[in-house]
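Student: Got a structure for you, my_file-v5.csv, holding CSV, C-alpha atoms.
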```csv
chain,number,residue,atom,x,y,z
G,1,MET,CA,9.8,-30.5,57.8
G,2,SER,CA,13.2,-28.8,57.7
G,3,HIS,CA,15.3,-28.0,60.7
G,4,ARG,CA,14.7,-24.3,60.1
G,5,ALA,CA,11.0,-24.7,59.8
G,6,LYS,CA,10.9,-26.4,63.2
G,7,TYR,CA,12.8,-23.5,64.9
G,8,THR,CA,11.0,-21.5,67.5
G,9,PRO,CA,12.9,-19.2,69.9
G,10,GLY,CA,12.4,-19.9,73.6
G,11,PRO,CA,11.2,-17.3,76.0
G,12,ALA,CA,13.0,-14.0,76.5
G,13,ALA,CA,15.9,-14.6,78.9
G,14,GLY,CA,19.6,-13.8,79.4
G,15,ALA,CA,19.3,-10.1,78.8
G,16,ARG,CA,19.4,-7.0,80.9
G,17,ILE,CA,19.9,-3.3,80.5
G,18,GLN,CA,22.4,-0.9,82.0
G,19,LYS,CA,21.6,2.8,82.2
G,20,GLU,CA,24.1,5.6,82.5
G,21,GLY,CA,22.1,8.8,82.0
G,22,ASP,CA,20.8,8.9,78.5
G,23,LYS,CA,23.1,6.0,77.4
G,24,TRP,CA,21.5,2.6,77.5
G,25,THR,CA,23.4,-0.7,77.0
G,26,LEU,CA,21.8,-4.0,76.2
G,27,VAL,CA,23.7,-6.8,77.9
G,28,LEU,CA,23.0,-10.3,76.5
G,29,VAL,CA,24.5,-13.5,78.1
G,30,ARG,CA,24.4,-16.9,76.5
G,31,ASP,CA,26.2,-20.1,77.6
G,32,LEU,CA,27.3,-22.1,74.5
G,33,ARG,CA,28.4,-25.7,74.4
G,34,HIS,CA,31.5,-24.9,72.4
G,35,PRO,CA,35.0,-23.8,73.4
G,36,PRO,CA,36.0,-20.2,73.2
G,37,THR,CA,38.3,-20.7,70.2
G,38,LYS,CA,35.4,-22.0,68.1
G,39,VAL,CA,33.1,-19.2,69.3
G,40,TRP,CA,35.8,-16.6,68.6
G,41,GLU,CA,36.0,-17.8,65.0
G,42,ALA,CA,32.2,-17.5,64.7
G,43,ILE,CA,32.2,-13.9,65.9
G,44,THR,CA,35.2,-12.7,63.8
G,45,ASP,CA,35.3,-14.7,60.6
G,46,PRO,CA,33.2,-13.2,57.7
G,47,GLU,CA,32.2,-16.7,56.5
G,48,HIS,CA,30.8,-17.6,59.9
G,49,LEU,CA,29.2,-14.2,60.5
G,50,ARG,CA,27.3,-14.5,57.2
G,51,GLU,CA,25.6,-17.5,58.6
G,52,TRP,CA,24.1,-15.8,61.7
G,53,ALA,CA,24.9,-12.1,62.3
G,54,PRO,CA,22.8,-9.1,61.2
G,55,PHE,CA,25.7,-7.6,59.2
G,56,ASP,CA,28.5,-8.6,56.8
G,57,PRO,CA,32.0,-7.4,57.5
G,58,ASP,CA,34.4,-6.6,54.6
G,59,ARG,CA,37.2,-8.4,56.5
G,60,ASN,CA,38.0,-10.6,59.5
G,61,LEU,CA,37.3,-8.8,62.8
G,62,ALA,CA,40.1,-10.6,64.7
G,63,SER,CA,42.5,-7.6,64.4
G,64,VAL,CA,42.4,-3.9,65.2
G,65,GLY,CA,41.7,-1.5,62.4
G,66,ALA,CA,39.1,-0.1,60.0
G,67,VAL,CA,36.2,-2.3,58.9
G,68,LYS,CA,33.0,-1.8,56.9
G,69,LEU,CA,29.9,-3.5,58.2
G,70,THR,CA,26.9,-3.9,55.9
G,71,THR,CA,23.6,-4.4,57.6
G,72,VAL,CA,21.6,-7.3,56.4
G,73,GLY,CA,17.8,-7.4,56.1
G,74,ALA,CA,17.4,-3.6,56.2
G,75,PRO,CA,15.0,-2.0,53.6
G,76,LYS,CA,18.0,-0.4,51.9
G,77,GLU,CA,21.7,-1.2,52.0
G,78,HIS,CA,23.4,0.5,54.9
G,79,VAL,CA,27.2,0.3,55.2
G,80,ALA,CA,28.8,1.5,58.4
G,81,GLU,CA,32.4,2.6,58.4
G,82,SER,CA,33.7,1.3,61.7
G,83,GLN,CA,36.8,0.4,63.7
G,84,VAL,CA,37.8,-2.7,65.6
G,85,LYS,CA,39.2,-1.2,68.7
G,86,ARG,CA,40.2,-4.3,70.6
G,87,ALA,CA,40.7,-7.9,69.5
G,88,GLU,CA,42.2,-10.2,72.1
G,89,ALA,CA,41.6,-13.8,70.9
G,90,PRO,CA,39.7,-15.7,72.1
G,91,LYS,CA,38.4,-13.5,74.9
G,92,LEU,CA,37.5,-9.9,74.0
G,93,LEU,CA,36.3,-8.1,70.9
G,94,GLU,CA,35.3,-4.4,70.7
G,95,TYR,CA,34.1,-2.4,67.7
G,96,GLY,CA,31.4,0.1,66.6
G,97,TRP,CA,28.4,-0.6,64.5
G,98,GLY,CA,26.1,2.1,63.2
G,99,GLY,CA,27.4,4.6,65.8
G,100,ASN,CA,27.0,2.2,68.7
G,101,ASP,CA,29.7,0.4,70.7
G,102,MET,CA,29.7,-3.3,70.9
G,103,ARG,CA,31.8,-5.4,73.3
G,104,TRP,CA,32.0,-9.2,73.1
G,105,GLU,CA,33.5,-11.2,76.0
G,106,LEU,CA,34.1,-15.0,75.9
G,107,GLU,CA,34.6,-16.7,79.2
G,108,PRO,CA,35.6,-20.4,79.3
G,109,LEU,CA,33.2,-22.6,81.3
G,110,ALA,CA,34.2,-25.7,83.4
G,111,THR,CA,32.1,-27.8,81.0
G,112,GLY,CA,34.3,-26.9,78.0
G,113,GLY,CA,31.8,-24.4,76.7
G,114,THR,CA,31.8,-20.6,76.6
G,115,ARG,CA,29.8,-17.9,78.3
G,116,LEU,CA,29.3,-15.3,75.6
G,117,THR,CA,28.4,-11.8,76.8
G,118,LEU,CA,27.5,-8.9,74.4
G,119,TRP,CA,27.3,-5.3,75.5
G,120,HIS,CA,25.5,-3.3,72.8
G,121,ASN,CA,24.8,0.5,73.2
G,122,ILE,CA,21.4,1.0,71.7
G,123,HIS,CA,18.8,3.8,71.7
G,124,ARG,CA,16.4,3.0,74.5
G,125,GLY,CA,13.5,3.2,72.1
G,126,PHE,CA,14.8,0.2,70.3
G,127,ILE,CA,16.3,-1.8,73.1
G,128,SER,CA,13.6,-4.5,73.2
G,129,MET,CA,13.8,-4.9,69.4
G,130,GLY,CA,17.6,-5.3,69.7
G,131,ALA,CA,17.2,-7.9,72.4
G,132,ALA,CA,14.7,-9.8,70.3
G,133,GLY,CA,17.0,-9.7,67.3
G,134,TRP,CA,20.1,-10.8,69.1
G,135,HIS,CA,18.2,-13.5,70.9
G,136,ILE,CA,17.4,-15.1,67.5
G,137,CYS,CA,20.9,-14.4,66.2
G,138,PHE,CA,22.4,-16.2,69.2
G,139,ASP,CA,20.0,-19.2,68.7
G,140,VAL,CA,21.2,-19.4,65.1
G,141,LEU,CA,24.8,-19.1,66.2
G,142,ASP,CA,24.4,-21.9,68.7
G,143,GLN,CA,22.9,-24.2,66.0
G,144,LEU,CA,25.7,-23.2,63.5
G,145,LEU,CA,28.4,-24.1,66.1
G,146,ALA,CA,26.6,-27.4,66.7
G,147,GLY,CA,26.8,-28.3,63.0
G,148,GLU,CA,23.1,-27.9,62.5
G,149,PRO,CA,22.9,-24.5,60.7
G,150,LEU,CA,19.5,-22.8,60.4
G,151,GLY,CA,20.7,-20.1,58.1
G,152,ARG,CA,20.7,-16.4,58.9
G,153,ILE,CA,17.4,-15.1,60.4
G,154,VAL,CA,17.5,-11.3,60.5
G,155,GLY,CA,15.4,-8.3,59.4
G,156,PRO,CA,11.9,-9.1,58.0
G,157,GLU,CA,12.7,-12.8,58.0
G,158,ALA,CA,12.9,-12.7,61.8
G,159,MET,CA,9.2,-11.6,61.9
G,160,LYS,CA,8.3,-15.2,60.8
G,161,PHE,CA,10.1,-16.7,63.9
G,162,ASP,CA,8.3,-15.1,66.9
G,163,TRP,CA,10.4,-12.0,66.8
G,164,GLN,CA,7.4,-9.9,67.8
G,165,ARG,CA,6.7,-12.1,70.8
G,166,LEU,CA,10.3,-11.7,72.0
G,167,ASN,CA,10.1,-7.9,71.4
G,168,VAL,CA,7.1,-7.7,73.7
G,169,GLU,CA,8.6,-10.1,76.3
G,170,TYR,CA,11.8,-8.1,76.5
G,171,ALA,CA,10.0,-4.8,76.6
G,172,LYS,CA,8.0,-6.1,79.6
G,173,GLN,CA,11.3,-7.3,81.3
G,174,PHE,CA,13.0,-3.9,80.7
G,175,GLY,CA,9.9,-1.8,81.7
G,176,VAL,CA,9.7,-0.1,78.3
G,177,GLU,CA,7.0,0.2,75.7
G,178,PRO,CA,7.6,-2.2,72.8
G,179,PRO,CA,8.1,-0.2,69.6
G,180,THR,CA,5.9,-1.1,66.7
G,181,PRO,CA,8.0,-2.8,64.0
G,182,PRO,CA,7.2,-2.6,60.3
G,183,ALA,CA,4.7,-5.1,59.0
G,184,ALA,CA,6.0,-8.5,58.2
G,185,PRO,CA,6.3,-9.3,54.5
G,186,ARG,CA,3.6,-11.4,53.0
G,187,THR,CA,4.7,-14.7,51.6
```
Write the structure described by the file as structure tokens, please.
Tutor:
Amino acid sequence: MSHRAKYTPGPAAGARIQKEGDKWTLVLVRDLRHPPTKVWEAITDPEHLREWAPFDPDRNLASVGAVKLTTVGAPKEHVAESQVKRAEAPKLLEYGWGGNDMRWELEPLATGGTRLTLWHNIHRGFISMGAAGWHICFDVLDQLLAGEPLGRIVGPEAMKFDWQRLNVEYAKQFGVEPPTPPAAPRT
């Protein structure tokens, strides 16, 4: 059995929501065993992002300026014209994606690892789905950094890896109704 076939995400954890009027922000925190410089490269370098993130950038995200982010796993190609607003290696990255703001903070841990925090503005009707998707992406990121890549798991592919369970668990934690996702593809 392959490393990927054995993968099952753990229970919903490490996420919360912040509400400011109609604006909802998903906040995800994950402690990684790897130093901030290695994590920074993984969240900015297109080659690394293609291994774990739900989008492909047309350039490195480590500098301020225009960028195109192509969503992966969507029913049809969606390219978002965006802007990297802040890039302060290896601690802070801010950009937009699909009209939503994203902020990544990397904090060194005493263990030599990194506390990675993502703030993602997201429509409240999809907040549990976003948490479930990022949960799996962060798992894949952690495995990639450990030298045991699983390969990107996004879109319909995530449905095969307990995404729906995570969606329901996060919805319960956030006190929202879980949205009904599209049916998983048959294999």
Student: Near range 80-86 of chain G, within 12 Å and counting all atoms listed in the file, which residues show up once chain neighbours fewer than 6 positions away are dropped, as a short mmCIF file (atom, residue, chain, number, x, y, z; two decimals) with C-alpha atoms, in the frame of the given file?
Tutor:
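out.cif, freshly written:
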```cif
data_model
loop_
_atom_site.label_atom_id
_atom_site.label_comp_id
_atom_site.auth_asym_id
_atom_site.auth_seq_id
_atom_site.Cartn_x
_atom_site.Cartn_y
_atom_site.Cartn_z
CA THR G 44 35.20 -12.70 63.80
CA PHE G 55 25.70 -7.60 59.20
CA ASP G 56 28.50 -8.60 56.80
CA PRO G 57 32.00 -7.40 57.50
CA ASP G 58 34.40 -6.60 54.60
CA ARG G 59 37.20 -8.40 56.50
CA ASN G 60 38.00 -10.60 59.50
CA LEU G 61 37.30 -8.80 62.80
CA ALA G 62 40.10 -10.60 64.70
CA SER G 63 42.50 -7.60 64.40
CA VAL G 64 42.40 -3.90 65.20
CA GLY G 65 41.70 -1.50 62.40
CA ALA G 66 39.10 -0.10 60.00
CA VAL G 67 36.20 -2.30 58.90
CA LYS G 68 33.00 -1.80 56.90
CA LEU G 69 29.90 -3.50 58.20
CA THR G 70 26.90 -3.90 55.90
CA THR G 71 23.60 -4.40 57.60
CA VAL G 72 21.60 -7.30 56.40
CA LEU G 92 37.50 -9.90 74.00
CA LEU G 93 36.30 -8.10 70.90
CA GLU G 94 35.30 -4.40 70.70
CA TYR G 95 34.10 -2.40 67.70
CA GLY G 96 31.40 0.10 66.60
CA TRP G 97 28.40 -0.60 64.50
CA GLY G 98 26.10 2.10 63.20
CA GLY G 99 27.40 4.60 65.80
CA ASN G 100 27.00 2.20 68.70
CA ASP G 101 29.70 0.40 70.70
CA MET G 102 29.70 -3.30 70.90
CA ARG G 103 31.80 -5.40 73.30
CA TRP G 104 32.00 -9.20 73.10
CA GLU G 105 33.50 -11.20 76.00
#
```
Student: Could you name the residues that touch Ala74 in chain G at 12 Å or less, counting all atoms listed in the file, but leaving out those on the same chain fewer than 5 positions away, as an MDAnalysis selection string?
Tutor: chainID G and resid 54:55 79 154:158 182
Student: Can you write out as CSV which residues of range 2-89 of chain G fall within 12 Å of range 110-118 of chain G, alongside each residue's closest atom pair and its distance in Å to one decimal, counting all atoms listed in the file and ordering rows by chain and ascending residue number?
Tutor:
```
residue,atom,partner,partner_atom,distance
G:Gly14,CA,G:Thr117,CA,9.4
G:Ala15,CA,G:Leu118,CA,9.4
G:Arg16,CA,G:Leu118,CA,10.6
G:Ile17,CA,G:Leu118,CA,11.2
G:Thr25,CA,G:Leu118,CA,9.5
G:Leu26,CA,G:Leu118,CA,7.7
G:Val27,CA,G:Leu118,CA,5.6
G:Leu28,CA,G:Leu118,CA,5.2
G:Val29,CA,G:Thr117,CA,4.4
G:Arg30,CA,G:Leu116,CA,5.2
G:Asp31,CA,G:Arg115,CA,4.3
G:Leu32,CA,G:Thr114,CA,5.2
G:Arg33,CA,G:Gly113,CA,4.3
G:His34,CA,G:Gly113,CA,4.3
G:Pro35,CA,G:Gly113,CA,4.6
G:Pro36,CA,G:Thr114,CA,5.4
G:Thr37,CA,G:Thr114,CA,9.1
G:Lys38,CA,G:Thr114,CA,9.3
G:Val39,CA,G:Thr114,CA,7.5
G:Trp40,CA,G:Leu116,CA,9.6
G:Ala42,CA,G:Leu116,CA,11.5
G:Ile43,CA,G:Leu116,CA,10.2
```
Student: Neighbouring residues of range 125-135 of chain G were defined as those with any atom within 10 Å, considering all atoms listed in the file; residues of the same chain fewer than 4 positions away were excluded. Please report them as number ranges by chain.
Tutor: G: 9-17, 24-30, 52-54, 118, 120-121, 139-141, 153-155, 158-159, 162-181
Student: Could you check the closest approach to Leu145 in chain G for each of G:Lys160, G:Lys6, G:His48, G:Lys91 and tell me which residue wins, using all atoms listed in the file?
Tutor: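 Nearest candidate to Leu145 in chain G out of G:Lys160, G:Lys6, G:His48, G:Lys91: G:His48.
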Student: Env of Glu51 in chain G: 8 Å cut, atoms = all atoms listed in the file, seq-sep filter 5 positions within chain, self excluded. Answer as an MDAnalysis selection string.
Tutor: chainID G and resid 141 144 149 151:152
Student: What does the distance from CA of Cys137 in chain G to CA of Lys19 in chain G come to in Å, to one decimal?
Tutor: 23.5 Å
Student: Could you work out how far CA of Pro90 in chain G lies from CA of Asp45 in chain G, giving the answer in Å with one decimal?
Tutor: 12.4 Å
Student: Of the residues G:Leu150, G:Ala87, G:Leu109, G:Ile136, which is the one nearest to Arg4 in chain G, using only C-alpha atoms?
Tutor: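 The answer is G:Leu150, which sits nearest to Arg4 in chain G.
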Student: Of the residues G:Pro46, G:Lys76, G:Leu106, G:Arg124, which is the one nearest to Glu88 in chain G, using all atoms listed in the file?
Tutor: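 Ranking G:Pro46, G:Lys76, G:Leu106, G:Arg124 by distance to Glu88 in chain G, first place goes to G:Leu106.
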